[in-house]
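Q: The following block contains the structure, expressed as structure tokens.
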Number of protein chains: 2
Amino acid sequence: MTKLWLIYKTVAKETDKTEKKNNMGKQNNNVKDEKFDTREAVKEIADINADFPAWYTDVVIKTKLVDYGPIKGTMVIRPYGYAIWENIQREMNNRFKATGHENAYFPLLIPYSFFLKEAEHVEGFAPEVAIVTHAGGEELAEKLVIRPTSETIICHMYSKWVQSYRDLPLLINQWANIVRWEKTTRPFLRTSEFLWQEGHTLHANAQEAIDETILILNLYEEFCKNVLAMPVIAGKKTQKEKFAGAIDTYSIEAMMQDGKSLQSGTTHYFGTRFTEAFDIKFQDVDKTHKYAYESSWGTSTRLIGALIMAHGDARGLCLPPKVAPIQAVIIPIATHKPGVTEAAASIKMQLEKAGVRVKLDDSDERPGWKFNEYELKGVPLRIELGPKDLENGVATLSRRDKAGEKFVVSLDEMGEKTPLLLGDIHENMYQKALLFMQSRTETVYDMEGLRAAMEGGKFALAMWCGEVGCEDKVKAELSATSRNMPFDQTPVGDKCVCCGGKAKRKIFFAKAY
Amino acid sequence: MTKLWLIYKTVAKETDKTEKKNNMGKQNNNVKDEKFDTREAVKEIADINADFPAWYTDVVIKTKLVDYGPIKGTMVIRPYGYAIWENIQREMNNRFKATGHENAYFPLLIPYSFFLKEAEHVEGFAPEVAIVTHAGGEELAEKLVIRPTSETIICHMYSKWVQSYRDLPLLINQWANIVRWEKTTRPFLRTSEFLWQEGHTLHANAQEAIDETILILNLYEEFCKNVLAMPVIAGKKTQKEKFAGAIDTYSIEAMMQDGKSLQSGTTHYFGTRFTEAFDIKFQDVDKTHKYAYESSWGTSTRLIGALIMAHGDARGLCLPPKVAPIQAVIIPIATHKPGVTEAAASIKMQLEKAGVRVKLDDSDERPGWKFNEYELKGVPLRIELGPKDLENGVATLSRRDKAGEKFVVSLDEMGEKTPLLLGDIHENMYQKALLFMQSRTETVYDMEGLRAAMEGGKFALAMWCGEVGCEDKVKAELSATSRNMPFDQTPVGDKCVCCGGKAKRKIFFAKAY
């Protein structure tokens, strides 16, 4: 995997260089006159069925979602990618605020000693932190860690802020950049620096903290369904797979089109592990002093990778309308013909009024080039407008989610119908992804069945004895991991898929990103 | 100044500790019954006229805008402060996007070698950078700098992205955290880490890049006026005071209530300094290859410090309605009386529908405590509602910007009148700040006049010969700096305020943050 990835990366980079050279040098075939000799060639992407990783790299680079940063494993989120992130942020913020959470900002740099306070936490994160030793021209007395996650520094502050049960619950979220020095990286999926949100909450008792953990997991699941059109499986992680320092971790897992699972969000119940380490006590109603109970939860720019691999196809990106930077693109044909330009501008105005993110592309590229470009970029709706359309008082529409299908909409109904169409595209994308996941999820009863499922690029539902030894064996033999224990625990048997021993939990296995 | 500041910081911290101890321990006088023994005492702040720095610290800490981070010079932006930042971001983003700019995100860590490419730039920033030497458990081959500003890494990426005149102008902005290891720090004003936006644009020729620099300076000025209700003086910095690496720097300067100037935003024209260093060339219409012209510009969380010191008063914060997290607070009186709770809820609904950020405080604190608390927190409009009001079909309103003035508004007009009142509060705050600045701005003709102005906490308009020696002398003798050369260059004399030599430019001096 890693090696393949590196090869693709190299190929992609060389392709870029070649393109650049072509653009800077001699004319290409699409050129009408010398004014346009630098315009872009139609971009080609790898075959999604033959080589999924190469397809992914091509898509994220060639649609200008992202580029490689100068330091190994870092990425630059380009405007087209960042606009998706802004839409994700807005939708998430609406949900966080509706459930009583507030945003704040905590420092990037954490004293190394803070990490030592919770044993599992330091063990989990120490190997991948970046360390600041010098600042302001001097060597620092204590080295500082660039946050790989903010539990420790936030708990340090919470210990100053919480005195009474009246200060609880404390429901704070942070949008921030995170640094984890990863060995193998891929844009959006695993990078040395990424953007995320991390919620950190304190509660007066264990049940409230657990309820928060489940509330946010449900919020993430609903967000993936209603914003990203992406079905997920929600459940509890095993002890082997939980977050470093948590008592319990929950996750949502989404199926990518190569059958692998992508962990798309996690929530953690900490009990009093960190609040004891950081002395976060409150005076309760009964006057006694107690440690607060804690949860944390996060999603990241990984979600962009998830939606790309959940929805993309042979022609490139296929963006869910709720986060698409451009929801509809208007492409006027034969703009020199009377009325075309004016009608295109009028559609644009109607759509903007209806709250649609619309782009009118009246540049001098060929219409065919534009069609390819916006298909590649995954724009949900294309609106063509030519002299013929104009005569008939219509525009010709194509949906990105339904290849080859064209239909007309009356010009004066564009403002009204476009939002409905975008809603329908969302629903269709969700149903398609759901059917795909269902069709590639199998119940298995023994290691042979599990092996076949993993080799076939499927999710496997199975019973499990609860022993880490069986998880280890599955990982060693099949390169697959337990993803989570779904909330629906209706048994599918009574024997462990691995050892045949008495089954305790239903679990799902998959290869994973 | 520095010493005083440190003393106040210590006092403030000790006050905090005392408060905490009181809260955790014995009851205070406001307690009705034991259930409420942890509720807060009315907060006291230093006298704004006697001790402006202490007033500032008290206000930012006690209103929970901000707290000190564990590492010297860092701050935690608490929810009430961060909500102001979110409002600033939204208003700025609207303006950036309306003028054709897009957001993106570039890596936090910059190879040290990048800094060496532009000589003035490295000289300016090297002394205050934080350096990463280890990551992922290993010593790095090349040390990395945590961005103190992103010109270098952004130019590195731009050199990959720009090939043709068709790629220009490139108009990208980034919201990010920045680290500069400062010796003397103050929350919002100067901190080791802060949040900001930095725009970096490329253009096909010098004039377009200069136009962009002025366009954004005007945008900042308009933003300060129409969002922060804060007048500023816009102009060009002298060569002594410009940004490290720029050809020209422009700034907006605002007057704080101690008469000092706070640089609230800067825009820079770079010419081809960085584009030559980073080899950013494009093929122009005429087929020749040229270096692109560049601008950059930024504002930061400093703006929060600016609006606090521009508008606050003896009773605490006074927030401009456009960025106030709570624009109106409803305080019901005698909620046990029939109808009060329902009427308060109905006002809340009306205001939310009208797009007002409203809070209904029906907690069991005393009304007097609430009045003090929301005055301290600078909420623009207070809406009291008691049984008497209800009988008369009105609510009793108080404006934060007009102390002691109360008036009634009919209950069924609250939704309609509140936005108008907020608009009027904004306008009144702006006019008040403008009058203050005008009344404390003097034209001076010689060093004696300049000295008197600086000692009197004023802005001084003066003529200047253009020699850095005179700036140095003013700084050495009066601890004041040239802030900028205002765009209105109508001469006020013909002799340099300092040396008496032939005057070349009009300039303004002030003590500054």
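In the structure tokens, the first chain shown is A, the next is B, and so on; residue numbers restart at 1 for each chain, and ligands run from 1 in the order shown.
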Give me, as a compact mmCIF listing (two decimals) with N, CA, C and O atoms, in the first residue's frame, all polymer residues having an atom no more than 10 Å from Asn484 in chain B, counting only C-alpha atoms and skipping those fewer than 3 positions away in the same chain.

A:
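Result file is result-v8.txt:
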# COMPACT_ATOMS: atom_id res chain seq x y z
N ILE B 233 -7.15 56.18 11.58
CA ILE B 233 -6.41 57.01 10.63
C ILE B 233 -5.64 56.07 9.71
O ILE B 233 -4.85 55.23 10.18
N ALA B 234 -5.91 56.19 8.41
CA ALA B 234 -5.26 55.32 7.43
C ALA B 234 -4.13 56.07 6.74
O ALA B 234 -4.28 57.25 6.42
N GLY B 235 -3.02 55.41 6.53
CA GLY B 235 -1.91 56.06 5.84
C GLY B 235 -0.76 55.11 5.60
O GLY B 235 -0.86 53.91 5.90
N LYS B 236 0.33 55.66 5.09
CA LYS B 236 1.49 54.85 4.75
C LYS B 236 2.52 54.93 5.86
O LYS B 236 2.78 56.01 6.41
N LYS B 237 3.12 53.80 6.21
CA LYS B 237 4.18 53.77 7.21
C LYS B 237 5.46 54.37 6.63
O LYS B 237 5.70 54.29 5.42
N THR B 238 6.31 54.87 7.50
CA THR B 238 7.64 55.28 7.05
C THR B 238 8.48 54.03 6.80
O THR B 238 8.11 52.93 7.22
N GLU B 241 9.31 52.12 9.92
CA GLU B 241 8.25 51.39 10.62
C GLU B 241 7.57 50.32 9.76
O GLU B 241 6.64 49.68 10.19
N LYS B 242 8.05 50.12 8.53
CA LYS B 242 7.37 49.17 7.64
C LYS B 242 7.65 47.71 8.05
O LYS B 242 8.52 47.43 8.87
N THR B 249 4.49 49.70 3.54
CA THR B 249 3.46 49.20 4.44
C THR B 249 2.47 50.31 4.72
O THR B 249 2.86 51.47 4.91
N TYR B 250 1.19 49.97 4.73
CA TYR B 250 0.13 50.91 5.09
C TYR B 250 -0.51 50.42 6.38
O TYR B 250 -0.53 49.21 6.65
N SER B 251 -1.05 51.33 7.17
CA SER B 251 -1.70 50.88 8.41
C SER B 251 -2.96 51.68 8.69
O SER B 251 -3.16 52.77 8.14
N ILE B 252 -3.81 51.09 9.51
CA ILE B 252 -4.88 51.86 10.13
C ILE B 252 -4.55 51.94 11.61
O ILE B 252 -4.12 50.96 12.22
N GLU B 253 -4.73 53.13 12.18
CA GLU B 253 -4.36 53.37 13.58
C GLU B 253 -5.58 53.91 14.32
O GLU B 253 -6.26 54.81 13.84
N GLN B 263 -2.14 50.04 16.36
CA GLN B 263 -2.12 49.63 14.96
C GLN B 263 -3.09 48.46 14.82
O GLN B 263 -2.92 47.41 15.42
N THR B 481 6.30 57.14 18.43
CA THR B 481 6.73 56.71 17.10
C THR B 481 5.86 57.34 16.04
O THR B 481 4.74 57.77 16.30
N PHE B 487 -3.39 59.74 4.31
CA PHE B 487 -3.61 59.97 2.89
C PHE B 487 -3.87 61.44 2.57
O PHE B 487 -3.53 61.93 1.51
N LYS B 506 3.45 65.03 5.57
CA LYS B 506 2.68 65.17 6.81
C LYS B 506 2.67 63.78 7.46
O LYS B 506 2.54 62.77 6.77
N ILE B 507 2.80 63.76 8.76
CA ILE B 507 2.96 62.50 9.46
C ILE B 507 2.24 62.60 10.79
O ILE B 507 1.97 63.70 11.26
N PHE B 508 1.86 61.45 11.37
CA PHE B 508 1.33 61.60 12.72
C PHE B 508 2.08 60.72 13.70
O PHE B 508 2.46 59.60 13.40
N PHE B 509 2.36 61.34 14.85
CA PHE B 509 3.10 60.67 15.92
C PHE B 509 2.16 60.35 17.07
O PHE B 509 1.20 61.07 17.34
N ALA B 510 2.49 59.28 17.78
CA ALA B 510 1.75 58.96 19.00
C ALA B 510 2.56 57.96 19.81
O ALA B 510 3.46 57.30 19.29

Q: Residues of chain A were defined as contacting chain B if any atom lay at most 7 Å from it, counting only C-alpha atoms; please report them as a PyMOL selection string.

A: chain A and resi 24+35+38+69+74-79+82+102-107+127-137+163-164+181+283+285

Q: Just the number, please: distance in Å from CA of Met485 in chain A to CA of Val468 in chain A, one decimal.

A: 13.7 Å

Q: Select from range 163-273 of chain A everything DSSP, run on the backbone, classes as strand (DSSP E or B), then give the selection as a ChimeraX atom specification.

A: /A:164,170-179,186,190,193-203,233-236,248-255,261-271

Q: Take the selection from the previous step and output its residues with C-alpha atoms, as a PDB file, in the first residue's frame.

A:
ATOM      1  CA  SER A 164     -19.125  24.711  41.707  1.00  0.00           C
ATOM      2  CA  LEU A 170     -19.045  22.932  30.769  1.00  0.00           C
ATOM      3  CA  LEU A 171     -19.568  22.414  27.037  1.00  0.00           C
ATOM      4  CA  ILE A 172     -16.700  23.812  24.965  1.00  0.00           C
ATOM      5  CA  ASN A 173     -15.531  23.071  21.435  1.00  0.00           C
ATOM      6  CA  GLN A 174     -12.399  24.243  19.649  1.00  0.00           C
ATOM      7  CA  TRP A 175     -11.565  24.504  15.927  1.00  0.00           C
ATOM      8  CA  ALA A 176      -7.815  24.118  15.616  1.00  0.00           C
ATOM      9  CA  ASN A 177      -4.810  22.752  13.779  1.00  0.00           C
ATOM     10  CA  ILE A 178      -3.203  19.587  15.109  1.00  0.00           C
ATOM     11  CA  VAL A 179       0.255  18.119  14.494  1.00  0.00           C
ATOM     12  CA  ARG A 186      -2.139  10.853   2.338  1.00  0.00           C
ATOM     13  CA  ARG A 190      -3.505  11.152   7.350  1.00  0.00           C
ATOM     14  CA  GLU A 193      -0.857  18.604  10.278  1.00  0.00           C
ATOM     15  CA  PHE A 194      -4.620  18.642   9.945  1.00  0.00           C
ATOM     16  CA  LEU A 195      -7.570  20.796  10.929  1.00  0.00           C
ATOM     17  CA  TRP A 196     -10.230  19.545  13.283  1.00  0.00           C
ATOM     18  CA  GLN A 197     -12.750  20.352  15.952  1.00  0.00           C
ATOM     19  CA  GLU A 198     -12.351  18.946  19.424  1.00  0.00           C
ATOM     20  CA  GLY A 199     -15.073  19.174  22.038  1.00  0.00           C
ATOM     21  CA  HIS A 200     -14.126  18.858  25.707  1.00  0.00           C
ATOM     22  CA  THR A 201     -16.925  18.730  28.240  1.00  0.00           C
ATOM     23  CA  LEU A 202     -17.207  18.405  32.019  1.00  0.00           C
ATOM     24  CA  HIS A 203     -20.183  17.020  33.907  1.00  0.00           C
ATOM     25  CA  ILE A 233     -22.008   2.531  11.359  1.00  0.00           C
ATOM     26  CA  ALA A 234     -21.985   3.887  14.906  1.00  0.00           C
ATOM     27  CA  GLY A 235     -20.754   1.840  17.844  1.00  0.00           C
ATOM     28  CA  LYS A 236     -18.285   1.414  20.655  1.00  0.00           C
ATOM     29  CA  ASP A 248     -14.506   4.126  26.289  1.00  0.00           C
ATOM     30  CA  THR A 249     -14.291   5.368  22.718  1.00  0.00           C
ATOM     31  CA  TYR A 250     -17.160   5.403  20.251  1.00  0.00           C
ATOM     32  CA  SER A 251     -16.803   5.851  16.504  1.00  0.00           C
ATOM     33  CA  ILE A 252     -18.677   6.312  13.288  1.00  0.00           C
ATOM     34  CA  GLU A 253     -17.275   4.266  10.399  1.00  0.00           C
ATOM     35  CA  ALA A 254     -18.025   4.873   6.731  1.00  0.00           C
ATOM     36  CA  MET A 255     -17.482   2.543   3.784  1.00  0.00           C
ATOM     37  CA  SER A 261     -13.625   1.547   6.458  1.00  0.00           C
ATOM     38  CA  LEU A 262     -12.799   5.141   7.267  1.00  0.00           C
ATOM     39  CA  GLN A 263     -13.183   6.216  10.880  1.00  0.00           C
ATOM     40  CA  SER A 264     -14.970   9.528  10.408  1.00  0.00           C
ATOM     41  CA  GLY A 265     -15.471  10.738  13.964  1.00  0.00           C
ATOM     42  CA  THR A 266     -14.896   9.605  17.537  1.00  0.00           C
ATOM     43  CA  THR A 267     -16.276  10.452  20.960  1.00  0.00           C
ATOM     44  CA  HIS A 268     -14.589   9.494  24.217  1.00  0.00           C
ATOM     45  CA  TYR A 269     -15.713   8.968  27.773  1.00  0.00           C
ATOM     46  CA  PHE A 270     -12.874   9.713  30.192  1.00  0.00           C
ATOM     47  CA  GLY A 271     -14.578   9.253  33.534  1.00  0.00           C
TER      48      GLY A 271
END

Q: What does the distance between CA of Lys322 in chain B and CA of Ile84 in chain B come to in Å, to one decimal place?

A: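 Taking CA of Lys322 in chain B and CA of Ile84 in chain B, their separation equals 9.1 Å.
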
Q: Pick from B:Glu413, B:Asp58, B:Glu365, B:Glu477: nearest to Ser346 in chain B, with only C-alpha atoms counted?

A: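 Among the listed residues, B:Glu413 lies closest to Ser346 in chain B.
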
Q: Need the shell around Glu208 in chain B: protein/DNA/RNA residues with any atom at most 10 Å away, counting only C-alpha atoms. Skip same-chain ones fewer than 4 positions apart. Format as a list in words?

A: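 These residues fall inside the cut-off: Pro169, Leu202, His203, Ala204, Glu212, Thr213, Ile214, Tyr293, Glu294 and Ser295 of chain B.
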
Q: Leaving out Tyr56 in chain A and any residue of its chain fewer than 5 positions from it, which residues lie within 9 Å of it when counting only C-alpha atoms, given as a list in words?

A: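 Residues meeting the cut-off are Ile45, Ala46, Ile48, Asp51, Ile61, Gly305, Ile308, Met309, Gly312 and Gly316 of chain A.
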
Q: May I have the residues within 9 Å of Leu189 in chain A as a VMD selection string, using only C-alpha atoms and disregarding those fewer than 4 positions away in the same chain?

A: chain A and resid 185 262 301 to 306 513

Q: Expressed in Å to a single decimal, how great is the separation between CA of Trp55 in chain B and CA of Leu317 in chain B?

A: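 Computing it gives 10.1 Å between the two atoms.
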
Q: Show which residues sit within 10 Å of Pro419 in chain B, as a VMD selection string. Count only C-alpha atoms, and ignore same-chain residues fewer than 2 positions away.

A: chain B and resid 321 327 to 328 351 354 to 356 414 to 417 421 to 425

Q: Got a sec: who's within 12 Å of Pro338 in chain B, counting only C-alpha atoms, leaving out chain neighbours fewer than 6 positions off, as a list in words?

A: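 Returned residues: Pro332, Ala344, Gly386, Pro387, Lys388, Leu390 and Glu391 of chain B.
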
Q: Those same residues, written as a PDB file, in the first residue's frame with all heavy atoms?

A:
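Result file out-v1.pdb:
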ATOM      1  N   PRO B 332     -36.134  39.218  33.349  1.00  0.00           N
ATOM      2  CA  PRO B 332     -37.470  39.268  33.949  1.00  0.00           C
ATOM      3  C   PRO B 332     -37.358  39.514  35.455  1.00  0.00           C
ATOM      4  O   PRO B 332     -36.462  38.997  36.110  1.00  0.00           O
ATOM      5  CB  PRO B 332     -38.050  37.886  33.651  1.00  0.00           C
ATOM      6  CG  PRO B 332     -36.896  36.996  33.371  1.00  0.00           C
ATOM      7  CD  PRO B 332     -35.697  37.843  33.051  1.00  0.00           C
ATOM      8  N   ALA B 344     -41.542  37.320  28.775  1.00  0.00           N
ATOM      9  CA  ALA B 344     -40.096  37.347  28.513  1.00  0.00           C
ATOM     10  C   ALA B 344     -39.760  36.389  27.368  1.00  0.00           C
ATOM     11  O   ALA B 344     -38.978  36.722  26.463  1.00  0.00           O
ATOM     12  CB  ALA B 344     -39.324  36.976  29.780  1.00  0.00           C
ATOM     13  N   GLY B 386     -40.980  43.523  34.273  1.00  0.00           N
ATOM     14  CA  GLY B 386     -41.569  43.193  35.563  1.00  0.00           C
ATOM     15  C   GLY B 386     -43.094  43.240  35.479  1.00  0.00           C
ATOM     16  O   GLY B 386     -43.648  43.600  34.430  1.00  0.00           O
ATOM     17  N   PRO B 387     -43.772  42.926  36.582  1.00  0.00           N
ATOM     18  CA  PRO B 387     -45.244  42.908  36.593  1.00  0.00           C
ATOM     19  C   PRO B 387     -45.820  44.275  36.202  1.00  0.00           C
ATOM     20  O   PRO B 387     -46.802  44.355  35.467  1.00  0.00           O
ATOM     21  CB  PRO B 387     -45.570  42.566  38.040  1.00  0.00           C
ATOM     22  CG  PRO B 387     -44.363  41.869  38.556  1.00  0.00           C
ATOM     23  CD  PRO B 387     -43.211  42.482  37.863  1.00  0.00           C
ATOM     24  N   LYS B 388     -45.202  45.355  36.672  1.00  0.00           N
ATOM     25  CA  LYS B 388     -45.640  46.711  36.360  1.00  0.00           C
ATOM     26  C   LYS B 388     -45.567  46.978  34.850  1.00  0.00           C
ATOM     27  O   LYS B 388     -46.503  47.489  34.240  1.00  0.00           O
ATOM     28  CB  LYS B 388     -44.722  47.706  37.089  1.00  0.00           C
ATOM     29  CG  LYS B 388     -45.282  49.093  37.189  1.00  0.00           C
ATOM     30  CD  LYS B 388     -46.068  49.263  38.492  1.00  0.00           C
ATOM     31  CE  LYS B 388     -46.808  50.594  38.490  1.00  0.00           C
ATOM     32  NZ  LYS B 388     -47.788  50.645  39.589  1.00  0.00           N
ATOM     33  N   LEU B 390     -45.550  44.764  32.532  1.00  0.00           N
ATOM     34  CA  LEU B 390     -46.511  43.879  31.889  1.00  0.00           C
ATOM     35  C   LEU B 390     -47.911  44.498  31.897  1.00  0.00           C
ATOM     36  O   LEU B 390     -48.624  44.475  30.890  1.00  0.00           O
ATOM     37  CB  LEU B 390     -46.507  42.529  32.627  1.00  0.00           C
ATOM     38  CG  LEU B 390     -46.997  41.327  31.833  1.00  0.00           C
ATOM     39  CD1 LEU B 390     -46.230  41.197  30.523  1.00  0.00           C
ATOM     40  CD2 LEU B 390     -46.833  40.059  32.667  1.00  0.00           C
ATOM     41  N   GLU B 391     -48.264  45.087  33.044  1.00  0.00           N
ATOM     42  CA  GLU B 391     -49.567  45.777  33.153  1.00  0.00           C
ATOM     43  C   GLU B 391     -49.717  46.842  32.073  1.00  0.00           C
ATOM     44  O   GLU B 391     -50.768  47.008  31.477  1.00  0.00           O
ATOM     45  CB  GLU B 391     -49.675  46.472  34.516  1.00  0.00           C
ATOM     46  CG  GLU B 391     -50.350  45.641  35.582  1.00  0.00           C
ATOM     47  CD  GLU B 391     -50.252  46.351  36.929  1.00  0.00           C
ATOM     48  OE1 GLU B 391     -50.390  47.597  36.972  1.00  0.00           O
ATOM     49  OE2 GLU B 391     -49.994  45.650  37.934  1.00  0.00           O
TER      50      GLU B 391
END
